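Heads up: the structure comes next, in structure tokens.
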Amino acid sequence: MEKPASVPKVKAPAKAAGRTGTIITLSVGILLAILFAASTAYSGMKAGLTVAAGIPGAIIGSAVVRAFAKRCGYAGTNEMQGMASGGETIASGMIFVLPAVLLIGAQINFFEAVLVGTMGVLFGIGTAAIVENHLIIASKDTLLYPEAMAISETIRASAEGGAGLKMMGAGFGIGGLLTMLTGSMFGLINNHFVLYGVREFKWKFELEVNPLLAGIGFIVGMQVAIQMFAGSILANFAIAPLIGYFTDMAHGSNEVWNAAGVTVNSLGFDGIAGAYNRYLGAGMMLAGGLIGAIKLIPVIGRSLKATLGGNEKKSKFGIFLLGFSIVAVFILSSLFSGNLMIGLLGGALAMVLAFVFVVVAANLTGTLGTSNLPVSGMTIASLVLLTVLFVVMGWTSEFDLRSLLLLATFVVTAISIGGGYSQTQKATELVHADRPQMQRRFLIAAVLGTITVVGVIVMLAGQLADTSENASFALPQANLIAALTSGIITGKLPFTIIFIGIAMGIVLHLLKLPIMTVAIGFYLPMATTAIILVGAIVRLIVEGRNKEKNAGRVQNGISMASGLIAGGSIIGLTGILLSISGVLTHGTPTGWLAGNAAAAALLGMLVLAMLWVLRKRNVSAKATK
């Protein structure tokens, strides 16, 4: 899933006052890369959505420059936001595929996964660097890079005041405190509100009071949030009750397709959702990914023709990275798979697909920004082609399936890097900073991000492999990829249900609705989409009737929401790691203040805290001009 966001057109700063390359900016940049990689990995695996790190990184970087490195100016701030984006970009790609290795019952080798991700980084940066001058310089009148413009303006505006940083700090405090009280760290207060329907009408409403998810809802806004929640309404109040109605008519004569001995009429809502709804949602997401990939075909042709046919100077460093990664991918894919032909044919196809889609991603970022980049669609298209190759060649063992998913991890990492790198370099150009220097910094951040994300996934392996209804991590994209690849190779897939989901996705497309957004809402627990909607409603209240007048409050709200996400994810991840290590044993948030009343009270506290932080109406709108 992409990083939904609404980005205004803004004017870039005229020049960069300062220099890059100080120990302070590099050190803080490394820290931000690691923090945003860990935070994005946690929140993305939990909610299926990620949030770009460019603007939060710019706000933090500006505060560091003002306090410790004034001579660095805009250039130093840009260096730190670029490194934050490098770490976040890695997580926004790898978490879609790599956890699927765990979902098929295999294990992830830390060093192996780091090498695969690093090759994706080198290949993605190398490819994007080759077409960089054409996309950023020669096409500056046609490719506007809206999010890069917003980042560059944030760099300028943040240098004039610290309101954004204060809002991020307030959000981090709220998010961290509530997560400590309700999550795996202390678990004192129940944060789940749940209502079930009667047996004759099997529905379920649930809401998780989670500041991280509320922050995501504030950032993505009402349109995306309501589309996701609509998918949950369809799943929880239409499809599941409908299946329950017909299965009750079966009178125990039919068994669940994947659970021999369990009759369909014995299933409650959770059983229906696990056995049927999730596969309908997978079919919908598959339809969205394939339709998105088909729509990209003309863009692929234009992108390759324009970028590779240009006469602009090509990056020697990019050519070196690309050449090195090509040789390394052939060698590593052969070694990791234990099959020379998989290394040659599978590796070659993976690199061709990665090259094409990196160029497309770098091009589309100039129009859409990374927040709306269809990474999932390009990944699904690549995965289907790779899976077909494996089936045709007879590579269908469980170990071969693991090799397939590692190749797909390489592809998705390269694709996400292509968009993130291009956007960072455009922001660097807009503030007149040193692009070759930023290229090296982005590379360092992306490699560190790879190590961090793989480390987080390996440490959480036990929880990520949990596919029950009450699993801690929803992993919608990884579950889709695991079900799709293993199902095609083994034939153990409810194809009828998948096809029905595809038909539902086609209907959404014909109605001009965003398939992936609705489908992820259908797939995710309503607990997740409901609190995302609450966050969007808070934004709607803050905006009021006069959006232009309240633009400054909304901008501060986005900073606060970024803090909520960071606080919730970092504290939540810390709590889980402490529980895994045995330092804490409060794994279940059902302490002395349990029940729906506690969850409802906690929800009220969260909403009031967000509104109180944003209570001032006379907020300067400098950051949005």
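Naming works like this for the structure tokens: A, B, ... for the chains as they're shown, residue 1 at the start of each chain, ligands 1 onward in shown order.
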Surrounding residues of Ile23 (chain A) excluding itself and chain neighbours under 3 positions, 12 Å, only C-alpha atoms, as a ChimeraX atom specification: /A:19-20,26-30,65,68-69,72,76,79-80
Contacts of Ser337 (chain A) at 10 Å (only C-alpha atoms; same-chain gap of 3+ positions) as number ranges by chain: A: 332-334, 340-343, 399-404, 406-407
Take the residues just selected and output them with N, CA and C atoms as an mmCIF file, in the first residue's frame.
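Everything below was put into selection_30.cif:
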```cif
data_model
loop_
_atom_site.group_PDB
_atom_site.id
_atom_site.type_symbol
_atom_site.label_atom_id
_atom_site.label_comp_id
_atom_site.auth_asym_id
_atom_site.auth_seq_id
_atom_site.Cartn_x
_atom_site.Cartn_y
_atom_site.Cartn_z
ATOM 1 N N LEU A 332 24.325 -14.025 -5.900
ATOM 2 C CA LEU A 332 23.601 -14.278 -4.651
ATOM 3 C C LEU A 332 22.339 -15.104 -4.872
ATOM 4 N N SER A 333 21.598 -14.822 -5.949
ATOM 5 C CA SER A 333 20.371 -15.594 -6.192
ATOM 6 C C SER A 333 20.690 -17.050 -6.488
ATOM 7 N N SER A 334 21.838 -17.316 -7.113
ATOM 8 C CA SER A 334 22.254 -18.704 -7.360
ATOM 9 C C SER A 334 22.649 -19.387 -6.058
ATOM 10 N N LEU A 340 21.528 -22.924 -9.990
ATOM 11 C CA LEU A 340 22.140 -21.982 -10.926
ATOM 12 C C LEU A 340 21.115 -21.401 -11.894
ATOM 13 N N MET A 341 20.142 -22.208 -12.329
ATOM 14 C CA MET A 341 19.147 -21.718 -13.288
ATOM 15 C C MET A 341 18.221 -20.689 -12.660
ATOM 16 N N ILE A 342 17.870 -20.889 -11.390
ATOM 17 C CA ILE A 342 17.073 -19.862 -10.701
ATOM 18 C C ILE A 342 17.874 -18.570 -10.631
ATOM 19 N N GLY A 343 19.181 -18.697 -10.346
ATOM 20 C CA GLY A 343 20.017 -17.512 -10.295
ATOM 21 C C GLY A 343 20.091 -16.786 -11.619
ATOM 22 N N PHE A 399 11.233 -24.627 -0.640
ATOM 23 C CA PHE A 399 12.479 -23.852 -0.669
ATOM 24 C C PHE A 399 12.524 -22.951 -1.897
ATOM 25 N N ASP A 400 11.990 -23.443 -3.029
ATOM 26 C CA ASP A 400 11.924 -22.613 -4.237
ATOM 27 C C ASP A 400 10.990 -21.426 -4.024
ATOM 28 N N LEU A 401 9.894 -21.666 -3.306
ATOM 29 C CA LEU A 401 8.951 -20.579 -3.015
ATOM 30 C C LEU A 401 9.633 -19.496 -2.178
ATOM 31 N N ARG A 402 10.450 -19.920 -1.235
ATOM 32 C CA ARG A 402 11.199 -18.949 -0.434
ATOM 33 C C ARG A 402 12.133 -18.133 -1.326
ATOM 34 N N SER A 403 12.796 -18.793 -2.273
ATOM 35 C CA SER A 403 13.685 -18.089 -3.201
ATOM 36 C C SER A 403 12.909 -17.088 -4.047
ATOM 37 N N LEU A 404 11.706 -17.459 -4.450
ATOM 38 C CA LEU A 404 10.843 -16.557 -5.222
ATOM 39 C C LEU A 404 10.527 -15.292 -4.427
ATOM 40 N N LEU A 406 12.250 -13.986 -1.981
ATOM 41 C CA LEU A 406 13.453 -13.173 -1.814
ATOM 42 C C LEU A 406 13.720 -12.352 -3.074
ATOM 43 N N LEU A 407 13.498 -12.936 -4.250
ATOM 44 C CA LEU A 407 13.635 -12.175 -5.499
ATOM 45 C C LEU A 407 12.615 -11.040 -5.546
#
```
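Atom to atom, CA of Val534 (chain A) and CA of Ala214 (chain A) stand 6.4 Å apart.
You can rank A:Ile104, A:Ile233, A:Leu344, A:Leu373 by their closest distance to Ala293 (chain A) using only C-alpha atoms, and at the top of that list sits A:Leu373.
Of the listed residues (A:Leu480, A:Val538, A:Ala41, A:Ile59), A:Leu480 comes nearest to Gly289 (chain A); the distances count only C-alpha atoms.
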Nearest candidate to Ile151 (chain A) (options A:Ala58, A:Ala566, A:Ala461, A:Ala482; using only C-alpha atoms): A:Ala58
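In this comparison, which uses only C-alpha atoms, the residue of A:Leu533, A:Ala52, A:Asp270, A:Pro211 approaching Ala230 (chain A) most closely is A:Leu533.
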Asn236 (chain A) environment, 8 Å, only C-alpha atoms, sequence neighbours closer than 6 positions dropped, as a list in words: Trp203, Lys204, Phe205 and Met526 of chain A
Dump as a tab-separated table the rows for residues of region 408-483 of chain A within 6 Å of region 123-132 of chain A: closest atom pair and distance in Å with one decimal, only C-alpha atoms counted, ordered by chain and rising residue number.
```
residue	atom	partner	partner_atom	distance
A:Ala414	CA	A:Gly124	CA	4.1
A:Ile417	CA	A:Gly124	CA	5.5
A:Gly418	CA	A:Gly124	CA	5.2
```
Limited to N, CA and C atoms, could you put the picked residues into a file as an mmCIF file, in the first residue's frame?
```
data_model
loop_
_atom_site.group_PDB
_atom_site.id
_atom_site.type_symbol
_atom_site.label_atom_id
_atom_site.label_comp_id
_atom_site.auth_asym_id
_atom_site.auth_seq_id
_atom_site.Cartn_x
_atom_site.Cartn_y
_atom_site.Cartn_z
ATOM 1 N N ALA A 414 13.872 -2.181 -4.749
ATOM 2 C CA ALA A 414 14.387 -1.323 -5.818
ATOM 3 C C ALA A 414 13.332 -0.326 -6.281
ATOM 4 N N ILE A 417 12.791 2.410 -3.670
ATOM 5 C CA ILE A 417 13.973 3.273 -3.664
ATOM 6 C C ILE A 417 13.947 4.224 -4.856
ATOM 7 N N GLY A 418 13.503 3.744 -6.017
ATOM 8 C CA GLY A 418 13.467 4.596 -7.203
ATOM 9 C C GLY A 418 12.658 5.855 -6.984
#
```
Filtered DSSP result for region 390-587 of chain A, state helix (DSSP H, G or I), as a ChimeraX atom specification: /A:390-393,398-430,435-459,461-464,476-490,495-510,515-523,526-543,551-581
Nearby residues (only C-alpha atoms) at most 12 Å from Ala530 (chain A), same-chain spacing under 2 positions excluded, as a PyMOL selection string: chain A and resi 47+192-194+205-210+213-214+216-217+222+225-233+236+521-522+524-528+532-537+603
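The two atoms in question, CA of Ile520 (chain A) and CA of Ile415 (chain A), are spaced 20.7 Å apart.
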Atom pair CA of Ile498 (chain A) / CA of Val392 (chain A): separation (Å): 21.8 Å
